[in-house]
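Remarks on the structure that follows.
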Amino acid sequence: METMIEVKDVSMCFRMANDRISSIKEYAIAKLRGKLQYNEFEALKHVSFDVKRGEVVGLIGHNGAGKSTMLKVISGILKPTEGSVHVAGNVAPMLELGSGFDFDMTGRENIFLNGAILGYSKRFLESKFDEIVEFSEIGRFIDMPLRNYSSGMVARLAFSVATVIVPEVLIVDEVLSVGDAAFQEKSLARMMELMSGGTTVLFVSHSLDQIRRLCSRVVWLEHGTVMRIGPSDEVCDAYANS
């Protein structure tokens, strides 16, 4: 079976300036004097795994385990310090919903802006416009600036734009927790629809019930290191008992 996501020996190290520096002036003086000290933080440590075509793989771990960093590396947002990542096919990353929106523009304008960022043509977005608005449940607010939206409305609109096509690879970070219970069920149904269409999915959630329900395999990360990879029930049980 074709490998759609291949993560090979990936490490990600961040350099952070000494936290006692509280202004740009202090930073500049310390740098000129050669006294600028860095703390290194290794968010990922030699991580390797792969995801086959049509597979739904979960990524679990406690806060700070490195899950979001891993998704950003796979999405191409971050370049790993070491190792390599190969992704086949078109990727729809659903990480920070609404991060590509302009809050001074209307919902209508943002559909075309965010859609263009995701690589959709204007003609395609025009043909799908009514479907996006209907799914998002934004209604008459579609021609109001996003600054008047609640965070839930922004997330619903972003989810609707991101899932308007069936991508080959879908990278999902906690998006099924947006909106009220009814919208969460609708989002989950939409995700199931994408998966049944053959989409390869890498899915992060703090809900082990969702992971068990959606994923065939699970990668468990802790402090940037792979603790275990295997069938979802087996790994979720080990994680729950850790």
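So you can find residues: chains in the structure tokens are A, B, ... in the order shown, residues in each start at 1, and ligands are numbered from 1 in order.
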
Which residues are close to region 200-210 of chain A, i.e. within 8 Å by only C-alpha atoms, leaving aside same-chain residues fewer than 3 positions away? Reply as a ChimeraX atom specification. /A:4,51-61,67,168-174,195,213-215,236

All residues 12 Å or closer to Met12 (chain A), only C-alpha atoms, same chain fewer than 5 positions away omitted, as a VMD selection string: chain A and resid 40 to 47 66 to 74 78 to 84 223 to 225

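Using only C-alpha atoms for every distance, the candidate list A:Phe183, A:Met191, A:Asn114, A:Ile142 yields A:Met191 as the residue closest to Thr163 (chain A).
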
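For Asp143 (chain A), the set of protein, DNA and RNA residues having any atom at most 6 Å away, when counting only C-alpha atoms and skipping those fewer than 5 positions along the same chain, is A:Thr106, A:Gly107, A:Arg108.
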